[in-house]
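Single-structure report; data block below.
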Amino acid sequence: MDLTYTQEEESFRAGLREWLARTLPQLPPRPDPLDWPGRRAYDMGWQRRLYDAGYAGLHWPVDAGGRGATPTQHLIFLEETEKAGAPYVGANFVGLLHAGPTIASEGTAEQRARWLPPVLRGDEVWCQGFSEPDAGSDLASLRTRAWRDGDDYVVSGSKIWTSHAEVADWCELLVRTTPVSDDVPKHRGISWLAMPMDAPGITVRPLRTLAGSTEFAEVFLDEVRVPVANRVGAENDGWRVTMVTLSYERGTAFVGEVVACRRVLGDLAREARKNGRWDDAVLRRRLGRLSAEFGALWRLTQWNVSESQRAGSGVPGVGGSVFKLRYSHARQELYEAAGEVLGPAGALDLGHEWTLDRLSSLSYTIAAGTSQIQQNIVAERILGLPKGR
Ligand SMILES: Cc1cc2nc3c(=O)[nH]c(=O)nc-3n(C[C@H](O)[C@H](O)[C@H](O)COP(=O)(O)OP(=O)(O)OC[C@H]3O[C@@H](n4cnc5c(N)ncnc54)[C@H](O)[C@@H]3O)c2cc1C
């Protein structure tokens, strides 16, 4: 394990810093956090700037439209963009951080050529259609059915908690292509499809969150035709493809946010000094402990990246579950502390970015797999403990 940066990596950092310093002041004002279509336009505009400057898909393979940079350069990119307060990946989250990498690693040459460049250019938004009303943690229980009809699958069923569905162009969709039977266990009959969100038969019903935003939705599918050519991986091999998607989602998708959390922590300390809360020694200790925790999470990220670079696989390992587990709790603690710094007035001010972030932090221990599920994974697959059921 080597956590030091090479001279080449440091000069990459310097070029990026210079570009950020020049570019960030030119950005339009951020949209209202509750204006989801406005946020899509803003996020994709930022992605386009990254693309034009050669910073999109940095660590993606060159034949997938990326720059073929090392995972460490990608880490530097995350570090510097977050430190500079650059826009978050936002609406492009699924496409850029897990659907795209899954297609890059599991898709055919045609699929890579069709779907990856528009993600990098900021032209197309993806959503994730995995969860169903009775299939969340136990994802393999999903019931959305796909029948083969000529060159198409005909898909019927429903999905829930589909983030960005309202503004998405494509959905990474899990369907059951073979019914469960004595011969076919539930995770053996699943396929991974790329579904165009404008296909006839799709109804998106937005769900309003605690914070008032409609960033996720129920999605109803009534005989939606999806070309067989849109299947990534073999028919009925979707569970294996899904494990690749989830390893990206848990292993790398949140790492940039750790830097953002460290920035928020600094902002909180400054705010506390201004409004007198800094005199509270208990609060100061709390902020100090969080600072150590986010520092450790960043080191853990560097270690994970260094290990995947050494192994040469590129696909993050189950160590991502350790990160996801601890990060989601630390993030909740950070925004609880923000509530203390801002006081009751701040907590009631729903327009305040920290208040919205505080409310959304509550979902982090559920999204991308609950903490209990991450604990099961750590226990069974890292510590080698016996299965609980
Ligand atoms: C903000 C947010 C965004 C999301 N975005 C998406 C999205 O874009 N696409 C998508 O497909 N899904 C999305 N989800 C759904 C998310 O993946 C599921 O909510 C999650 O997997 C949990 O499933 P569930 O809600 O069905 O809970 P359940 O599986 O019903 O779990 C309920 C409780 O039981 C516990 N539990 C269940 N099984 C076990 C077990 N074996 N051992 C121990 N405890 C267990 C769980 O940990 C949890 O506490 C999102 C969720 C959130 C909160």
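Ligands are numbered from 1 in the order shown, residues from 1 within each chain, and chains are lettered A, B, ... in the order they appear in the structure tokens.
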
* Enumerate residues in contact with ligand 1: an atom-to-atom distance of at most 10 Å, counting only C-alpha atoms and all ligand atoms. Format the result as a count of residues only. => 53

* **Residue set, range 149-359 of chain A restricted to strand (DSSP E), as a PyMOL selection string** => chain A and resi 149+152-163+170-176+190-196+202-207+216-227+231-232

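Of the listed residues (A:Leu116, A:Ala211, A:Ala99, A:Val180), A:Ala99 comes nearest to Leu193 in chain A; the distances count only C-alpha atoms.
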
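For the atom pair formed by CA of Ala69 in chain A and CA of Arg40 in chain A, the distance is 26.8 Å, given to one decimal.
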
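The coordinates place CA of Ala146 in chain A at 8.8 Å from CA of Ser191 in chain A.
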
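Here the question is which of A:Val244, A:Val305, A:Leu356, A:Val89 gets nearest to Ala104 in chain A using only C-alpha atoms, and that residue is A:Val244.
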
* So how far away is CA of Arg17 in chain A from CA of Gln73 in chain A, in Å? -> 12.9 Å

* Structure fact -> Ala21 in chain A proximity check over A:Pro61, A:Gly85, A:Gly122, A:Gly95, using only C-alpha atoms: winner is A:Gly85

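Minimum distance to Arg381 in chain A across A:Gly295, A:Arg310, A:Gly319, A:Ala194 (counting only C-alpha atoms) occurs at A:Gly319.
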
* To do: Write out as an MDAnalysis selection string all residues of range 203-293 of chain A that backbone DSSP assigns to helix (DSSP H, G or I).
  => chainID A and resid 228:230 238:251 255:275 277:279 281:293

Take the selection from the previous step and output its residues with C-alpha atoms, as a tab-separated table (two decimals), in the first residue's frame.
chain	number	residue	atom	x	y	z
A	228	VAL	CA	-33.50	-7.79	-26.11
A	229	ALA	CA	-30.38	-5.97	-27.37
A	230	ASN	CA	-30.69	-3.72	-24.28
A	238	GLY	CA	-28.53	-10.35	-14.02
A	239	TRP	CA	-27.75	-11.11	-10.37
A	240	ARG	CA	-24.04	-11.29	-11.13
A	241	VAL	CA	-24.25	-8.04	-13.13
A	242	THR	CA	-26.16	-6.48	-10.21
A	243	MET	CA	-23.35	-7.39	-7.81
A	244	VAL	CA	-21.02	-5.35	-10.05
A	245	THR	CA	-23.45	-2.41	-9.96
A	246	LEU	CA	-23.80	-2.61	-6.17
A	247	SER	CA	-20.06	-2.85	-5.63
A	248	TYR	CA	-19.66	0.46	-7.48
A	249	GLU	CA	-22.65	1.97	-5.69
A	250	ARG	CA	-21.36	1.06	-2.22
A	251	GLY	CA	-17.66	1.03	-2.98
A	255	VAL	CA	-16.29	8.82	-1.72
A	256	GLY	CA	-16.36	12.39	-3.04
A	257	GLU	CA	-18.96	13.20	-0.42
A	258	VAL	CA	-16.48	12.53	2.37
A	259	VAL	CA	-14.48	15.54	1.19
A	260	ALA	CA	-17.71	17.55	0.98
A	261	CYS	CA	-18.51	16.55	4.58
A	262	ARG	CA	-15.08	17.77	5.71
A	263	ARG	CA	-15.82	21.08	4.00
A	264	VAL	CA	-19.22	21.32	5.72
A	265	LEU	CA	-17.49	20.59	9.03
A	266	GLY	CA	-15.17	23.55	8.47
A	267	ASP	CA	-18.17	25.75	7.61
A	268	LEU	CA	-19.92	24.60	10.78
A	269	ALA	CA	-16.93	25.44	12.95
A	270	ARG	CA	-16.81	28.94	11.39
A	271	GLU	CA	-20.55	29.40	11.89
A	272	ALA	CA	-20.25	28.25	15.54
A	273	ARG	CA	-17.50	30.81	16.15
A	274	LYS	CA	-19.72	33.53	14.72
A	275	ASN	CA	-22.89	32.68	16.63
A	277	ARG	CA	-21.94	28.08	19.96
A	278	TRP	CA	-18.15	27.50	19.87
A	279	ASP	CA	-18.03	28.22	23.63
A	281	ALA	CA	-17.01	22.42	24.93
A	282	VAL	CA	-19.26	19.39	24.29
A	283	LEU	CA	-20.11	20.66	20.80
A	284	ARG	CA	-16.45	21.43	20.10
A	285	ARG	CA	-15.48	17.89	21.09
A	286	ARG	CA	-18.21	16.52	18.86
A	287	LEU	CA	-16.92	18.47	15.86
A	288	GLY	CA	-13.38	17.34	16.64
A	289	ARG	CA	-14.41	13.69	16.81
A	290	LEU	CA	-16.24	14.03	13.48
A	291	SER	CA	-13.17	15.61	11.94
A	292	ALA	CA	-11.13	12.56	13.00
A	293	GLU	CA	-13.82	10.23	11.67

* Determine the nearest neighbour of Met44 in chain A from the options A:Leu75, A:Ala113, A:Val167, A:Ile202, counting only C-alpha atoms. =>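 Of all the options, A:Val167 lies closest to Met44 in chain A.
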
* Asked: Of the candidates A:Trp303, A:Tyr55, A:Trp170, A:Tyr153, which shows the shortest atom-to-atom distance to Gly100 in chain A, using only C-alpha atoms?
  ->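 Closest to Gly100 in chain A of all the choices is A:Trp170.
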